[in-house]
$ cat query_10.txt   # compact mmCIF, C-alpha atoms
# COMPACT_ATOMS: atom_id res chain seq x y z
CA MET Y 1 1.27 0.15 -31.77
CA SER Y 2 -2.34 -0.97 -31.23
CA GLU Y 3 -4.81 1.30 -29.42
CA PRO Y 4 -5.00 -0.87 -26.23
CA ARG Y 5 -1.21 -0.85 -25.99
CA LYS Y 6 -1.11 2.91 -26.48
CA THR Y 7 -3.66 3.34 -23.69
CA LEU Y 8 -1.67 1.02 -21.42
CA ALA Y 9 1.58 2.86 -22.19
CA LYS Y 10 0.02 6.28 -21.53
CA GLY Y 11 -1.51 5.03 -18.30
CA LEU Y 12 1.80 3.65 -17.07
CA ILE Y 13 3.56 6.90 -17.97
CA PHE Y 14 1.00 9.19 -16.30
CA VAL Y 15 0.45 7.07 -13.21
CA GLY Y 16 4.12 6.10 -13.01
CA ALA Y 17 5.15 9.74 -12.98
CA ALA Y 18 2.49 10.56 -10.37
CA THR Y 19 3.54 7.72 -8.06
CA LEU Y 20 7.19 8.71 -8.42
CA ILE Y 21 6.35 12.29 -7.43
CA GLY Y 22 3.99 11.34 -4.61
CA ASN Y 23 6.08 8.51 -3.19
CA GLY Y 24 9.27 10.46 -3.82
CA ALA Y 25 7.91 13.26 -1.65
CA ALA Y 26 7.09 10.69 1.07
CA TYR Y 27 10.62 9.32 0.98
CA GLY Y 28 11.89 12.90 1.02
CA LEU Y 29 10.04 13.38 4.29
CA SER Y 30 11.68 10.28 5.78
CA ILE Y 31 15.13 11.30 4.52
CA ILE Y 32 14.83 14.78 6.01
CA ALA Y 33 13.36 13.43 9.25
CA ALA Y 34 16.29 10.98 9.55
CA ARG Y 35 18.61 13.99 9.60
CA LYS Y 36 16.53 16.29 11.79
CA LEU Y 37 15.52 13.76 14.46
CA SER Y 38 17.72 11.76 16.82
CA GLN Y 39 18.15 8.07 16.07
CA ALA Y 40 15.82 7.22 18.97
CA GLU Y 41 13.10 9.63 17.74
CA PHE Y 42 13.51 8.46 14.16
CA GLY Y 43 13.08 4.89 15.38
CA ALA Y 44 9.83 5.98 17.03
CA LEU Y 45 8.76 7.68 13.80
CA GLY Y 46 9.55 4.50 11.87
CA ALA Y 47 7.33 2.52 14.24
CA LEU Y 48 4.55 5.13 13.96
CA LEU Y 49 4.70 5.09 10.16
CA GLY Y 50 4.61 1.28 10.27
CA ILE Y 51 1.40 1.43 12.35
CA LEU Y 52 -0.14 4.03 10.03
CA ILE Y 53 0.73 2.04 6.92
CA ILE Y 54 -1.00 -1.00 8.38
CA VAL Y 55 -4.13 0.99 9.22
CA SER Y 56 -3.97 2.87 5.91
CA THR Y 57 -4.86 -0.40 4.21
CA LEU Y 58 -8.44 0.63 4.97
CA SER Y 59 -7.98 3.56 2.60
CA ILE Y 60 -6.41 1.32 -0.04
CA ALA Y 61 -9.29 -1.13 0.39
CA MET Y 62 -11.66 1.76 -0.24
CA GLN Y 63 -9.82 2.51 -3.48
CA VAL Y 64 -9.84 -1.16 -4.58
CA VAL Y 65 -13.56 -1.64 -3.88
CA THR Y 66 -14.46 1.64 -5.59
CA ALA Y 67 -12.32 0.89 -8.64
CA ARG Y 68 -13.82 -2.60 -9.06
CA ARG Y 69 -17.39 -1.41 -8.66
CA VAL Y 70 -16.98 1.60 -10.95
CA SER Y 71 -15.22 -0.48 -13.63
CA THR Y 72 -18.04 -3.05 -13.67
CA ALA Y 73 -20.94 -0.58 -13.37
CA LYS Y 74 -22.99 0.23 -16.45
CA GLU Y 75 -26.05 2.50 -16.45
CA ASN Y 76 -25.87 3.30 -12.72
CA ARG Y 77 -22.22 4.39 -12.59
CA GLY Y 78 -23.07 7.84 -11.15
CA GLU Y 79 -24.96 6.28 -8.25
CA VAL Y 80 -22.14 3.78 -7.62
CA GLU Y 81 -19.63 6.64 -7.44
CA GLY Y 82 -21.83 8.61 -5.01
CA GLN Y 83 -22.21 5.57 -2.77
CA ALA Y 84 -18.43 5.15 -2.75
CA ILE Y 85 -17.87 8.71 -1.55
CA ARG Y 86 -20.49 8.32 1.17
CA LEU Y 87 -18.86 5.07 2.33
CA SER Y 88 -15.39 6.66 2.33
CA ILE Y 89 -16.55 9.52 4.56
CA THR Y 90 -18.24 7.08 6.94
CA ILE Y 91 -15.10 4.97 7.21
CA GLY Y 92 -12.85 8.02 7.58
CA ALA Y 93 -14.89 9.38 10.48
CA SER Y 94 -14.81 5.95 12.16
CA ILE Y 95 -11.01 5.80 11.89
CA MET Y 96 -10.70 9.21 13.53
CA ALA Y 97 -12.97 8.25 16.43
CA LEU Y 98 -11.44 4.82 17.08
CA GLY Y 99 -7.94 6.21 16.63
CA LEU Y 100 -8.33 8.42 19.69
CA LEU Y 101 -8.90 5.27 21.76
CA ALA Y 102 -6.28 3.07 20.09
CA ALA Y 103 -3.57 5.73 20.33
CA TRP Y 104 -3.15 5.32 24.09
CA PRO Y 105 -2.11 1.62 24.28
CA LEU Y 106 -0.04 1.95 21.09
CA SER Y 107 1.83 4.95 22.45
CA ILE Y 108 2.74 2.97 25.57
CA ALA Y 109 3.70 -0.24 23.75
CA PHE Y 110 6.01 1.45 21.23
CA THR Y 111 7.15 4.45 23.31
CA ILE Y 112 5.62 7.05 21.00
CA PRO Y 113 3.94 10.26 22.25
CA TYR Y 114 0.14 9.93 22.44
CA ALA Y 115 -0.42 13.16 20.50
CA ALA Y 116 1.72 11.88 17.61
CA VAL Y 117 -0.24 8.62 17.35
CA ALA Y 118 -3.63 10.37 17.68
CA MET Y 119 -2.82 12.90 14.94
CA GLY Y 120 -1.50 10.11 12.76
CA PHE Y 121 -4.84 8.26 12.98
CA ALA Y 122 -6.75 11.49 12.32
CA SER Y 123 -4.73 12.05 9.14
CA LEU Y 124 -5.79 8.62 7.88
CA GLY Y 125 -9.44 9.62 8.17
CA PHE Y 126 -8.84 12.22 5.47
CA VAL Y 127 -6.75 9.82 3.39
CA VAL Y 128 -9.79 7.52 2.98
CA LEU Y 129 -11.73 10.33 1.27
CA GLY Y 130 -8.78 10.92 -1.07
CA THR Y 131 -8.42 7.25 -2.01
CA GLY Y 132 -12.18 6.91 -2.51
CA SER Y 133 -11.95 9.70 -5.08
CA MET Y 134 -8.91 8.08 -6.71
CA GLY Y 135 -10.77 4.77 -6.90
CA ILE Y 136 -13.41 6.50 -9.02
CA ALA Y 137 -10.76 7.76 -11.46
CA GLN Y 138 -9.08 4.34 -11.47
CA GLY Y 139 -12.34 2.54 -12.23
CA ARG Y 140 -13.10 4.98 -15.05
CA GLU Y 141 -9.51 4.43 -16.29
CA GLU Y 142 -9.05 8.20 -16.29
CA HIS Y 143 -5.33 7.99 -15.71
CA LEU Y 144 -4.57 11.70 -15.93
CA ARG Y 145 -7.18 12.65 -13.32
CA PHE Y 146 -5.99 9.79 -11.11
CA SER Y 147 -2.43 11.08 -11.41
CA PHE Y 148 -3.39 14.59 -10.33
CA GLY Y 149 -5.34 13.17 -7.41
CA PHE Y 150 -2.44 10.96 -6.35
CA ILE Y 151 -0.02 13.88 -6.45
CA ALA Y 152 -2.42 16.04 -4.42
CA ASN Y 153 -2.69 13.37 -1.72
CA GLY Y 154 0.94 12.28 -1.63
CA PHE Y 155 2.57 15.65 -2.10
CA GLY Y 156 0.22 17.38 0.34
CA ARG Y 157 0.94 14.82 3.06
CA ALA Y 158 4.69 14.80 2.59
CA GLY Y 159 5.07 18.50 1.80
CA PHE Y 160 3.46 19.66 5.03
CA GLY Y 161 5.27 16.90 6.93
CA ILE Y 162 8.59 18.25 5.67
CA LEU Y 163 7.58 21.84 6.45
CA PHE Y 164 6.55 20.97 9.99
CA VAL Y 165 9.61 18.83 10.80
CA LEU Y 166 11.85 21.70 9.68
CA ILE Y 167 10.00 24.13 11.95
CA PHE Y 168 9.21 21.70 14.79
CA PRO Y 169 11.92 18.96 14.67
CA THR Y 170 10.06 16.40 16.80
CA ILE Y 171 7.86 13.40 16.05
CA ILE Y 172 4.83 15.43 17.19
CA GLY Y 173 5.77 18.12 14.67
CA VAL Y 174 5.90 15.53 11.88
CA SER Y 175 2.48 14.13 12.87
CA ALA Y 176 0.90 17.60 12.88
CA GLY Y 177 2.25 18.21 9.38
CA LEU Y 178 0.85 14.88 8.18
CA LEU Y 179 -2.60 15.77 9.52
CA VAL Y 180 -2.73 19.17 7.81
CA GLY Y 181 -1.32 17.81 4.54
CA CYS Y 182 -3.69 14.83 4.38
CA ALA Y 183 -6.73 17.05 4.96
CA ILE Y 184 -5.74 19.45 2.17
CA GLY Y 185 -4.74 16.65 -0.22
CA ALA Y 186 -8.02 14.77 0.21
CA ILE Y 187 -10.14 17.84 -0.47
CA VAL Y 188 -8.12 18.78 -3.54
CA SER Y 189 -8.31 15.21 -4.87
CA TYR Y 190 -12.10 15.15 -4.50
CA LEU Y 191 -12.45 18.48 -6.30
CA ILE Y 192 -10.22 17.35 -9.18
CA ILE Y 193 -11.81 13.95 -9.76
CA CYS Y 194 -15.47 13.98 -8.71
CA PRO Y 195 -16.72 17.35 -7.38
CA GLY Y 196 -20.26 17.19 -6.05
CA THR Y 197 -20.44 13.39 -6.16
CA TRP Y 198 -22.70 12.06 -3.38
CA SER Y 199 -25.41 9.52 -2.68
CA ARG Y 200 -28.17 9.38 -0.08
CA SER Y 201 -27.58 5.69 0.55
CA LEU Y 202 -24.81 3.12 0.83
CA ALA Y 203 -24.41 0.38 -1.77
CA ARG Y 204 -26.04 -2.96 -1.10
CA GLY Y 205 -23.29 -5.44 -0.27
CA GLY Y 206 -20.71 -2.66 -0.29
CA ALA Y 207 -19.82 -2.96 3.39
CA ALA Y 208 -19.32 -6.74 3.10
CA GLU Y 209 -17.10 -6.40 0.05
CA PHE Y 210 -15.13 -3.64 1.73
CA GLY Y 211 -14.70 -5.84 4.80
CA HIS Y 212 -13.27 -8.71 2.74
CA VAL Y 213 -10.87 -6.49 0.79
CA ALA Y 214 -9.83 -4.61 3.93
CA HIS Y 215 -9.18 -7.92 5.71
CA ALA Y 216 -6.96 -9.15 2.88
CA LEU Y 217 -4.98 -5.91 2.61
CA ILE Y 218 -4.61 -5.45 6.36
CA VAL Y 219 -3.03 -8.88 6.59
CA LEU Y 220 -0.74 -8.10 3.61
CA PHE Y 221 0.36 -4.73 4.95
CA THR Y 222 0.78 -6.10 8.46
CA LEU Y 223 3.10 -8.71 6.98
CA THR Y 224 5.08 -6.09 5.06
CA ASN Y 225 5.41 -3.74 8.05
CA ILE Y 226 5.56 -6.01 11.08
CA ASP Y 227 9.35 -6.24 10.88
CA VAL Y 228 9.92 -2.57 11.77
CA LEU Y 229 7.62 -2.99 14.78
CA LEU Y 230 9.42 -6.16 15.88
CA ALA Y 231 12.73 -4.34 15.46
CA ARG Y 232 11.41 -1.57 17.73
CA LEU Y 233 10.51 -4.16 20.39
CA PHE Y 234 13.63 -6.35 20.33
CA LEU Y 235 16.52 -4.16 19.14
CA THR Y 236 18.09 -1.20 20.90
CA GLU Y 237 16.72 2.26 20.08
CA ASP Y 238 19.71 3.04 17.84
CA GLN Y 239 19.42 -0.32 16.06
CA SER Y 240 15.70 0.24 15.48
CA GLY Y 241 16.64 3.58 13.92
CA GLU Y 242 19.04 1.75 11.60
CA TYR Y 243 16.34 -0.76 10.71
CA SER Y 244 13.92 2.06 9.94
CA VAL Y 245 16.40 3.43 7.38
CA GLY Y 246 16.73 0.00 5.76
CA VAL Y 247 12.94 -0.26 5.60
CA LEU Y 248 12.89 2.94 3.53
CA LEU Y 249 14.62 0.99 0.76
CA ALA Y 250 12.23 -1.95 1.18
CA LYS Y 251 9.30 0.45 0.81
CA ILE Y 252 10.80 1.95 -2.35
CA ALA Y 253 11.03 -1.54 -3.87
CA PHE Y 254 7.50 -2.34 -2.69
CA PHE Y 255 5.73 0.82 -3.80
CA LEU Y 256 7.66 1.66 -6.98
CA PRO Y 257 5.68 -0.87 -9.09
CA ASN Y 258 2.38 0.60 -7.81
CA ALA Y 259 1.61 2.18 -11.18
CA ILE Y 260 1.45 -1.29 -12.72
CA ILE Y 261 -1.28 -2.43 -10.30
CA ILE Y 262 -3.19 0.84 -10.54
CA VAL Y 263 -3.37 0.77 -14.35
CA LEU Y 264 -4.01 -2.94 -14.79
CA PHE Y 265 -6.33 -3.69 -11.86
CA PRO Y 266 -9.58 -2.65 -13.64
CA LYS Y 267 -8.65 -5.05 -16.46
CA MET Y 268 -8.21 -7.85 -13.92
CA THR Y 269 -11.96 -7.69 -13.27
CA SER Y 270 -12.75 -8.83 -16.82
CA ALA Y 271 -13.59 -12.40 -17.80
CA ASP Y 272 -10.25 -12.86 -19.59
CA SER Y 273 -7.79 -11.58 -16.98
CA ARG Y 274 -5.03 -14.20 -17.25
CA ARG Y 275 -2.93 -12.20 -19.71
CA THR Y 276 -3.27 -9.06 -17.57
CA VAL Y 277 -2.01 -10.88 -14.49
CA LEU Y 278 0.97 -12.25 -16.44
CA VAL Y 279 1.87 -8.77 -17.72
CA ALA Y 280 1.59 -7.25 -14.23
CA THR Y 281 3.68 -10.04 -12.68
CA GLY Y 282 6.38 -9.82 -15.35
CA LEU Y 283 6.72 -6.03 -15.15
CA THR Y 284 6.83 -6.09 -11.34
CA ALA Y 285 9.44 -8.87 -11.26
CA THR Y 286 11.63 -7.07 -13.78
CA LEU Y 287 11.55 -3.85 -11.79
CA GLY Y 288 12.37 -5.76 -8.60
CA ILE Y 289 15.40 -7.41 -10.18
CA VAL Y 290 16.71 -4.01 -11.29
CA ILE Y 291 16.27 -2.45 -7.83
CA THR Y 292 17.83 -5.40 -5.98
CA THR Y 293 20.80 -5.62 -8.36
CA PHE Y 294 21.46 -1.90 -8.08
CA SER Y 295 21.32 -2.14 -4.27
CA LEU Y 296 23.73 -5.08 -4.30
CA PHE Y 297 26.43 -3.09 -6.09
CA PHE Y 298 25.65 0.40 -4.79
CA GLY Y 299 24.21 -0.31 -1.34
CA THR Y 300 26.53 2.14 0.39
CA LEU Y 301 25.41 4.96 -1.90
CA VAL Y 302 21.73 4.08 -1.41
CA ILE Y 303 22.02 4.11 2.40
CA GLN Y 304 24.04 7.33 2.26
CA ILE Y 305 21.18 9.00 0.37
CA LEU Y 306 18.39 7.53 2.50
CA GLY Y 307 19.81 7.90 6.00
CA GLY Y 308 23.12 9.72 5.91
CA ALA Y 309 26.69 8.78 6.78
CA ASP Y 310 25.81 7.54 10.28
CA TYR Y 311 24.04 4.48 8.83
CA VAL Y 312 26.41 3.50 6.02
CA ALA Y 313 28.84 1.25 7.90
CA GLU Y 314 26.16 -0.98 9.42
CA LEU Y 315 23.56 -1.02 6.64
CA GLY Y 316 25.51 -0.64 3.40
CA PRO Y 317 26.36 -4.36 2.93
CA GLU Y 318 22.77 -5.38 3.79
CA ALA Y 319 20.95 -2.86 1.57
CA TRP Y 320 20.21 -5.43 -1.15
CA LEU Y 321 18.38 -7.62 1.38
CA PHE Y 322 15.91 -4.83 2.11
CA ALA Y 323 15.47 -4.26 -1.64
CA LEU Y 324 14.83 -7.98 -2.20
CA GLU Y 325 12.31 -8.02 0.65
CA GLY Y 326 10.32 -5.15 -0.84
CA SER Y 327 10.47 -6.60 -4.36
CA ALA Y 328 9.19 -10.00 -3.23
CA PHE Y 329 6.32 -8.40 -1.34
CA ALA Y 330 5.46 -6.34 -4.45
CA LEU Y 331 4.96 -9.60 -6.35
CA VAL Y 332 2.82 -10.96 -3.54
CA GLN Y 333 0.71 -7.80 -3.79
CA VAL Y 334 0.16 -8.27 -7.54
CA LEU Y 335 -0.98 -11.85 -7.06
CA LEU Y 336 -3.26 -10.92 -4.16
CA TYR Y 337 -4.86 -8.11 -6.18
CA ALA Y 338 -5.52 -10.57 -8.99
CA ARG Y 339 -7.41 -12.77 -6.55
CA LEU Y 340 -9.31 -9.77 -5.14
CA ALA Y 341 -10.34 -8.76 -8.66
CA ALA Y 342 -11.74 -12.28 -9.15
CA GLN Y 343 -13.29 -12.17 -5.65
CA ASP Y 344 -11.39 -15.28 -4.57
CA ARG Y 345 -11.68 -15.34 -0.77
CA ARG Y 346 -9.15 -18.14 -0.22
CA ALA Y 347 -5.90 -16.40 -1.17
CA VAL Y 348 -5.68 -14.43 2.08
CA ALA Y 349 -5.15 -17.65 4.07
CA SER Y 350 -1.59 -18.04 2.76
CA VAL Y 351 -0.75 -14.47 3.82
CA TRP Y 352 -2.05 -15.21 7.33
CA ILE Y 353 0.14 -18.30 7.50
CA ALA Y 354 3.21 -16.34 6.38
CA LEU Y 355 2.53 -13.63 8.98
CA GLY Y 356 2.25 -16.19 11.75
CA ILE Y 357 5.48 -17.94 10.72
CA LEU Y 358 7.38 -14.64 10.49
CA VAL Y 359 6.30 -13.44 13.92
CA ALA Y 360 7.05 -16.83 15.49
CA LEU Y 361 10.54 -16.98 13.97
CA VAL Y 362 11.49 -13.44 15.01
CA VAL Y 363 9.95 -13.52 18.50
CA GLY Y 364 11.17 -17.00 19.34
CA TRP Y 365 14.56 -17.04 17.68
CA ARG Y 366 15.94 -14.50 15.21
CA HIS Y 367 15.81 -11.06 16.84
CA GLY Y 368 19.39 -10.43 17.96
CA SER Y 369 20.41 -8.01 15.20
CA VAL Y 370 19.26 -6.06 12.17
CA ALA Y 371 20.67 -8.79 9.91
CA GLU Y 372 18.82 -11.59 11.69
CA ILE Y 373 15.44 -9.90 11.36
CA VAL Y 374 15.80 -8.80 7.73
CA THR Y 375 17.09 -12.18 6.51
CA THR Y 376 14.14 -13.88 8.20
CA VAL Y 377 11.72 -11.50 6.46
CA VAL Y 378 13.42 -12.12 3.10
CA ALA Y 379 13.12 -15.90 3.49
CA VAL Y 380 9.42 -15.70 4.36
CA SER Y 381 8.67 -13.24 1.55
CA LEU Y 382 10.35 -15.42 -1.09
CA VAL Y 383 8.52 -18.55 0.05
CA LEU Y 384 5.21 -16.65 -0.01
CA THR Y 385 5.97 -15.35 -3.52
CA ALA Y 386 6.59 -18.88 -4.78
CA ALA Y 387 3.38 -20.08 -3.09
CA GLY Y 388 1.42 -17.23 -4.66
CA LEU Y 389 2.70 -18.05 -8.15
CA LEU Y 390 1.78 -21.70 -7.67
CA MET Y 391 -1.68 -20.74 -6.42
CA ASP Y 392 -2.24 -18.50 -9.45
CA VAL Y 393 -1.28 -21.30 -11.84
CA ARG Y 394 -3.63 -23.73 -10.10
CA ASN Y 395 -6.48 -21.22 -10.15
CA SER Y 396 -5.95 -20.69 -13.88
CA VAL Y 397 -6.07 -24.45 -14.53
CA ARG Y 398 -9.16 -24.84 -12.34
CA SER Y 399 -11.00 -22.02 -14.11
CA ASN Y 400 -10.13 -23.30 -17.59
CA GLY Y 401 -13.37 -23.78 -19.50
CA GLU Y 402 -15.24 -21.34 -17.25
CA ARG Y 403 -16.00 -17.64 -17.47
CA ARG Y 404 -16.52 -15.29 -14.53
CA ASP Y 405 -19.31 -12.77 -15.08
CA LEU Y 406 -19.35 -9.91 -12.59
CA VAL Y 407 -22.80 -8.62 -11.80
CA PRO Y 408 -22.29 -4.85 -12.06
CA GLY Y 409 -22.34 -3.10 -8.72
CA SER Y 410 -23.52 -6.14 -6.81
CA GLY Y 411 -20.20 -7.35 -5.46
CA ASN Y 412 -21.15 -10.85 -6.59
CA GLU Y 413 -19.62 -13.16 -9.15
CA THR Y 414 -21.26 -15.82 -11.28
CA VAL Y 415 -19.19 -18.62 -12.80
CA VAL Y 416 -20.64 -19.73 -16.13
CA PRO Y 417 -19.33 -22.57 -18.32
CA ILE Y 418 -18.22 -21.09 -21.64
CA GLU Y 419 -20.25 -23.58 -23.62
CA ALA Y 420 -23.45 -22.54 -21.83
CA ALA Y 421 -22.66 -18.83 -22.14
CA GLU Y 422 -22.21 -19.14 -25.86
$ encode --input "query_10.txt" --output "structure tokens"
Amino acid sequence: MSEPRKTLAKGLIFVGAATLIGNGAAYGLSIIAARKLSQAEFGALGALLGILIIVSTLSIAMQVVTARRVSTAKENRGEVEGQAIRLSITIGASIMALGLLAAWPLSIAFTIPYAAVAMGFASLGFVVLGTGSMGIAQGREEHLRFSFGFIANGFGRAGFGILFVLIFPTIIGVSAGLLVGCAIGAIVSYLIICPGTWSRSLARGGAAEFGHVAHALIVLFTLTNIDVLLARLFLTEDQSGEYSVGVLLAKIAFFLPNAIIIVLFPKMTSADSRRTVLVATGLTATLGIVITTFSLFFGTLVIQILGGADYVAELGPEAWLFALEGSAFALVQVLLYARLAAQDRRAVASVWIALGILVALVVGWRHGSVAEIVTTVVAVSLVLTAAGLLMDVRNSVRSNGERRDLVPGSGNETVVPIEAAE
């Protein structure tokens, strides 16, 4: 096996194991909460987690921007890393402050206690620091350090969430656990990956690049989480609890291929990224087929594990639909990341269109049952996946005969004809 393939294999193993542990702990929290909380409270928790996942795209954007800038930096890499940490702290503090204001209308709209929403936003402020640190390890392609940081963040968040829900079996108890766990996880991650890293200034163009990436990811994660919020608005409280259990499976299918994106994203910033995108797409699609097929034949078992016996009769036959939804959105994520790596600002438009169509269909027509909502989401996700694949092919054809040179640390991209470059 060649050295690049060995490095790729080791990265996928290390990061894959870390994401399984971290995300597994998160699903463990949801599984335990489904058993400790009433269906109505678990429905509220599902809506809260949906809100937090949407807002947490700011932390993921911080990781993406940091990884891209670190991977393309040369002599000034230390300064780039310090600027990233400074920016992450600034953004984290802003989330905490604005979250105190946003928590009130959200708590009323989705019938969630104010304290739970406010603590949830506060926990995300710490998450941004953790993902900023992980972005540094990702950009350096230090997969082992990244893995330890990911485990510290994910396991800290979920571990304290589980501890608190066992002691205080309410949605406020879960939120308090998330806050404590996220704070500890972020600090540990920083100490593992980049202790002492700091800069006196913010990067030039960093805020603008962060804004673009955050915009793209917020739209993507709104699309992938809006269904649980719509279910909370249109279905009964018990039905929204059922939908929240089904969404657990969709999230497994969506987040399980994360290691592929994490390992391959820095390589997507290179001039010759087409092969990397094909590898990432193929691996993600294969994993999605496996998850969906397993859920088709063993849906009852999957729902039994995720939510318990109370949810099996209603959700068992529909489990594969939630798995297909998550798998399709995972492919959309790969294709969007490829465009972000190339700093293509047009790809986000298709995600906006898909979001608008989904909301219009559910609000205006298909919101009478769990099945109606999930089948609508599946249809939209598959169409968006096909559109993303077509867009990637067209972009590859359009860029044939050109090379993209990233100006290190500038956030800018220069397209140079290959003939001229040579």
$ closest_residue --input "query_10.txt" --among "Y:Ile162, Y:Leu178, Y:Leu87, Y:Ala152" --to "Phe121 in chain Y" --atoms "all atoms listed in the file"
Y:Leu178
$ closest_residue --input "query_10.txt" --among "Y:Ile218, Y:Leu248, Y:Ala109, Y:Leu48" --to "Gly28 in chain Y" --atoms "all atoms listed in the file"
Y:Leu248
$ atom_distance --input "query_10.txt" --atom1 "CA of Glu242 in chain Y" --atom2 "CA of Phe168 in chain Y"
22.5 Å
$ atom_distance --input "query_10.txt" --atom1 "CA of Ala116 in chain Y" --atom2 "CA of Gly211 in chain Y"
27.3 Å
$ atom_distance --input "query_10.txt" --atom1 "CA of Ile21 in chain Y" --atom2 "CA of Tyr243 in chain Y"
24.5 Å
$ closest_atom_pairs --input "query_10.txt" --of "range 245-285 of chain Y" --to "range 337-356 of chain Y" --cutoff "7 Å" --atoms "only C-alpha atoms" --output "tab-separated table"
residue	atom	partner	partner_atom	distance
Y:Met268	CA	Y:Ala341	CA	5.7
Y:Thr269	CA	Y:Ala341	CA	5.0
Y:Val277	CA	Y:Ala338	CA	6.5
$ closest_atom_pairs --input "query_10.txt" --of "range 296-363 of chain Y" --to "range 278-283 of chain Y" --cutoff "10 Å" --atoms "all atoms listed in the file" --output "Markdown table"
| residue | atom | partner | partner_atom | distance |
| --- | --- | --- | --- | --- |
| Y:Ala330 | CA | Y:Thr281 | CA | 9.2 |
| Y:Leu331 | CA | Y:Thr281 | CA | 6.5 |
| Y:Val332 | CA | Y:Thr281 | CA | 9.2 |
| Y:Gln333 | CA | Y:Thr281 | CA | 9.6 |
| Y:Val334 | CA | Y:Thr281 | CA | 6.5 |
| Y:Leu335 | CA | Y:Thr281 | CA | 7.5 |
| Y:Ala338 | CA | Y:Ala280 | CA | 9.4 |
$ write_last_selection --input "query_10.txt" --atoms "C-alpha atoms" --output "CSV table (one decimal), in the frame of the given file"
chain,number,residue,atom,x,y,z
Y,330,ALA,CA,5.5,-6.3,-4.4
Y,331,LEU,CA,5.0,-9.6,-6.4
Y,332,VAL,CA,2.8,-11.0,-3.5
Y,333,GLN,CA,0.7,-7.8,-3.8
Y,334,VAL,CA,0.2,-8.3,-7.5
Y,335,LEU,CA,-1.0,-11.8,-7.1
Y,338,ALA,CA,-5.5,-10.6,-9.0
$ residues_near_point --input "query_10.txt" --point "(3.8, -8.2, 8.0)" --cutoff "10 Å" --atoms "only C-alpha atoms" --output "list in words"
Gly50, Ile54, Ile218, Val219, Leu220, Phe221, Thr222, Leu223, Thr224, Asn225, Ile226, Asp227, Val228, Leu229, Leu230, Phe329, Val351, Trp352, Ala354, Leu355, Gly356, Leu358, Val359, Val377 and Ser381 of chain Y
$ closest_residue --input "query_10.txt" --among "Y:Leu144, Y:Ile357, Y:Ala214, Y:Ala253" --to "Val55 in chain Y" --atoms "only C-alpha atoms"
Y:Ala214
$ closest_residue --input "query_10.txt" --among "Y:Val290, Y:Ile32, Y:Ile89, Y:Ile373" --to "Arg232 in chain Y" --atoms "all atoms listed in the file"
Y:Ile373
$ closest_residue --input "query_10.txt" --among "Y:Gly364, Y:Val127, Y:Ile305, Y:Ala250" --to "Gly326 in chain Y" --atoms "all atoms listed in the file"
Y:Ala250
$ residues_around --input "query_10.txt" --residues "Gly307 in chain Y" --least-positions-apart "5" --cutoff "6 Å" --atoms "all atoms listed in the file" --output "VMD selection string"
chain Y and resid 31 34 245
$ closest_residue --input "query_10.txt" --among "Y:Thr292, Y:Thr131, Y:Ser123, Y:Gln39" --to "Ala97 in chain Y" --atoms "all atoms listed in the file"
Y:Ser123
$ residues_around --input "query_10.txt" --residues "Ala44 in chain Y" --least-positions-apart "2" --cutoff "12 Å" --atoms "only C-alpha atoms" --output "JSON, numbers by chain"
{"Y": [33, 34, 37, 38, 39, 40, 41, 42, 46, 47, 48, 49, 50, 51, 106, 107, 108, 109, 110, 111, 112, 113, 114, 116, 117, 170, 171, 172, 174, 175, 228, 229, 231, 232, 233, 236, 237, 238, 239, 240, 241, 242, 243, 244, 245]}
$ residues_near_point --input "query_10.txt" --point "(14.8, -10.0, -4.7)" --cutoff "8 Å" --atoms "only C-alpha atoms" --output "ChimeraX atom specification"
/Y:288-289,292,320-321,323-328,382
$ write_last_selection --input "query_10.txt" --atoms "C-alpha atoms" --output "PDB file, keeping the file's coordinate frame"
ATOM      1  CA  GLY Y 288      12.370  -5.760  -8.600  1.00  0.00           C
ATOM      2  CA  ILE Y 289      15.400  -7.410 -10.180  1.00  0.00           C
ATOM      3  CA  THR Y 292      17.830  -5.400  -5.980  1.00  0.00           C
ATOM      4  CA  TRP Y 320      20.210  -5.430  -1.150  1.00  0.00           C
ATOM      5  CA  LEU Y 321      18.380  -7.620   1.380  1.00  0.00           C
ATOM      6  CA  ALA Y 323      15.470  -4.260  -1.640  1.00  0.00           C
ATOM      7  CA  LEU Y 324      14.830  -7.980  -2.200  1.00  0.00           C
ATOM      8  CA  GLU Y 325      12.310  -8.020   0.650  1.00  0.00           C
ATOM      9  CA  GLY Y 326      10.320  -5.150  -0.840  1.00  0.00           C
ATOM     10  CA  SER Y 327      10.470  -6.600  -4.360  1.00  0.00           C
ATOM     11  CA  ALA Y 328       9.190 -10.000  -3.230  1.00  0.00           C
ATOM     12  CA  LEU Y 382      10.350 -15.420  -1.090  1.00  0.00           C
TER      13      LEU Y 382
END
